[in-house]
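Presented below is the structure to which this report refers.
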Amino acid sequence: MRKDIKTTDGIFPMPVLMVATYNEDGSVNVMNAAWGTMLERDHVILNLTETHKTVKNIKARKAFTVSITDAAHLTEADYFGVVSGNNTPDKFANSGLTAIKSEHVDAPVIQEFPLCMECEFIEYQSGEYGCGVIGKVVNTTADEKVMDGGKVDISKVDAIAFDPYTHGYYKVTERVGEAFKDGLSLKK
């Protein structure tokens with residue numbers, strides 16, 4: 001028997017994405033965004049309101065980076081979600097993490113996060129059903145420690161996902177099947 005659970009934000013897993021920008025003074029700003037995904041192969045979409053310091057920075061700089069968070073940096077990632085850049089301008093410095101300037105866009109790459117997509121700002125969609133920030137991925141970098149044979153090994157990324165039911169974080173590490181292959185066994 002099924003039971004109504006009174007929640008509407010129940011898609012799991014939700015990614016734990018770190019969105020990084022530069023502030024007006026050139027300092028680094030990072031926010032935690034679970035409401036984001038690929039829009040198409042080379043475009044990301046982030047459901048962010050215009051009140052975020054990050055969105056203001058994205059619009060001003062026309063660029064941002066999106067990093068996949070790993071379990072080793074869960075505390076810093078959560079901190080970026082509970083502290084606002086509008087109220088704490090030195091929040092990145094407080095994290096103890098390090099950043100370098102992207103070679104492709106006017107945004108920082110956080111060195112400790114294993115995967116980073118460097119994005120050009122395309123547009124901001126608002127309104128009742130607006131989806132927020134849309135960006136074109138112009139480059140992706142991976143830390144060598146998560147590579148195997150020239151490809152990213154997701155089990156080495158040790159990515160985390162957000163659970164909207166209990167507000168927990170979970171590791172996403174184990175491969176359980178082959179996409180576009182396992183389902184073929186049911187084909188008649």
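Residue numbering restarts at 1 for every chain of the structure tokens, chains are lettered A, B, ... in their displayed order, and ligands are numbered from 1 as they appear.
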Per DSSP on the backbone, what are the strand (DSSP E) residues of segment 6-186 of chain A, as an mmCIF file with C-alpha atoms, in the first residue's frame?
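Writing done, so here's selection-v9.cif:
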```cif
data_model
loop_
_atom_site.group_PDB
_atom_site.id
_atom_site.type_symbol
_atom_site.label_atom_id
_atom_site.label_comp_id
_atom_site.auth_asym_id
_atom_site.auth_seq_id
_atom_site.Cartn_x
_atom_site.Cartn_y
_atom_site.Cartn_z
ATOM 1 C CA MET A 14 19.949 15.470 -6.284
ATOM 2 C CA PRO A 15 23.473 16.575 -7.191
ATOM 3 C CA LEU A 17 26.972 21.239 -7.070
ATOM 4 C CA MET A 18 29.370 24.000 -6.133
ATOM 5 C CA VAL A 19 28.810 27.098 -8.270
ATOM 6 C CA ALA A 20 31.808 29.435 -8.216
ATOM 7 C CA THR A 21 32.141 33.028 -9.381
ATOM 8 C CA TYR A 22 34.256 36.086 -8.764
ATOM 9 C CA VAL A 28 36.036 33.999 -4.859
ATOM 10 C CA ASN A 29 32.386 33.260 -4.128
ATOM 11 C CA VAL A 30 30.961 29.724 -3.982
ATOM 12 C CA MET A 31 27.436 28.469 -3.322
ATOM 13 C CA ASN A 32 25.947 25.004 -2.877
ATOM 14 C CA ALA A 33 23.191 24.295 -5.410
ATOM 15 C CA GLY A 36 20.840 21.886 -11.163
ATOM 16 C CA THR A 37 21.376 19.525 -14.066
ATOM 17 C CA MET A 38 22.362 19.228 -17.709
ATOM 18 C CA LEU A 39 19.939 20.986 -20.054
ATOM 19 C CA GLU A 40 21.492 19.313 -23.070
ATOM 20 C CA HIS A 43 24.502 23.290 -21.376
ATOM 21 C CA VAL A 44 23.778 23.378 -17.641
ATOM 22 C CA ILE A 45 20.752 24.798 -15.903
ATOM 23 C CA LEU A 46 20.740 25.990 -12.282
ATOM 24 C CA ALA A 63 30.784 33.170 -16.437
ATOM 25 C CA PHE A 64 30.776 30.585 -13.657
ATOM 26 C CA THR A 65 32.071 27.123 -12.824
ATOM 27 C CA VAL A 66 30.131 24.117 -11.575
ATOM 28 C CA SER A 67 32.003 21.521 -9.542
ATOM 29 C CA ILE A 68 30.932 18.059 -8.448
ATOM 30 C CA ALA A 99 41.076 28.283 -6.281
ATOM 31 C CA ILE A 100 42.784 29.048 -9.555
ATOM 32 C CA LYS A 101 41.460 31.116 -12.437
ATOM 33 C CA PRO A 108 37.447 30.299 -10.403
ATOM 34 C CA VAL A 109 38.142 26.566 -10.403
ATOM 35 C CA ILE A 110 38.063 25.156 -6.862
ATOM 36 C CA LEU A 115 35.334 17.625 -11.449
ATOM 37 C CA CYS A 116 34.697 21.134 -12.736
ATOM 38 C CA MET A 117 32.681 22.447 -15.675
ATOM 39 C CA GLU A 118 33.677 25.914 -16.879
ATOM 40 C CA CYS A 119 30.646 27.772 -18.208
ATOM 41 C CA GLU A 120 29.770 30.864 -20.203
ATOM 42 C CA PHE A 121 26.576 32.556 -19.033
ATOM 43 C CA ILE A 122 23.832 32.288 -21.676
ATOM 44 C CA GLU A 123 20.742 33.736 -19.998
ATOM 45 C CA TYR A 124 18.685 34.068 -16.856
ATOM 46 C CA GLN A 125 15.058 32.944 -17.047
ATOM 47 C CA GLY A 132 17.182 30.414 -13.534
ATOM 48 C CA VAL A 133 20.746 30.365 -14.871
ATOM 49 C CA ILE A 134 21.590 28.686 -18.166
ATOM 50 C CA GLY A 135 25.229 28.266 -19.158
ATOM 51 C CA LYS A 136 27.224 26.704 -21.954
ATOM 52 C CA VAL A 137 29.949 24.302 -20.825
ATOM 53 C CA VAL A 138 33.116 25.301 -22.688
ATOM 54 C CA ASN A 139 35.554 23.052 -20.820
ATOM 55 C CA THR A 140 35.592 20.373 -18.133
ATOM 56 C CA THR A 141 38.570 19.511 -15.958
ATOM 57 C CA ALA A 142 39.161 16.486 -13.751
ATOM 58 C CA MET A 147 41.049 9.348 -13.840
ATOM 59 C CA ASP A 148 41.608 5.815 -15.083
ATOM 60 C CA LYS A 151 38.544 8.665 -18.495
ATOM 61 C CA VAL A 152 36.810 9.772 -15.298
ATOM 62 C CA ALA A 159 30.580 12.228 -5.333
ATOM 63 C CA ILE A 160 27.822 13.042 -2.883
ATOM 64 C CA ALA A 161 24.100 13.498 -3.470
ATOM 65 C CA PHE A 162 21.484 15.415 -1.487
ATOM 66 C CA ASP A 163 18.454 13.602 -0.037
ATOM 67 C CA GLY A 168 21.029 14.032 4.297
ATOM 68 C CA TYR A 169 24.041 13.565 2.049
ATOM 69 C CA TYR A 170 24.894 10.203 0.489
ATOM 70 C CA LYS A 171 27.946 8.896 -1.336
ATOM 71 C CA VAL A 172 27.496 7.918 -4.985
#
```
Show which residues sit within 9 Å of Glu76 of chain A, as JSON, numbers by chain. Count only C-alpha atoms, and ignore same-chain residues fewer than 4 positions away. {"A": [80, 81, 95, 96, 97]}
Within 9 Å of Glu24 of chain A, counting only C-alpha atoms, which residues qualify if same-chain residues fewer than 4 places away don't, as a PDB file with C-alpha atoms, in the first residue's frame?
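Listing of out_5.pdb after writing:
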```pdb
ATOM      1  CA  ASN A  57      28.183  37.690 -10.041  1.00  0.00           C
ATOM      2  CA  ALA A  60      28.218  40.676 -14.089  1.00  0.00           C
ATOM      3  CA  ARG A  61      31.075  38.369 -15.142  1.00  0.00           C
TER       4      ARG A  61
END
```
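From atom CA of Thr69 of chain A back to atom CA of Ile5 of chain A, the distance works out to 28.8 Å.
Note that atom CA of Gly183 of chain A and atom CA of Ile154 of chain A are 21.2 Å apart.
Coordinates place atom CA of Val105 of chain A at a distance of 24.5 Å from atom CA of Thr88 of chain A.
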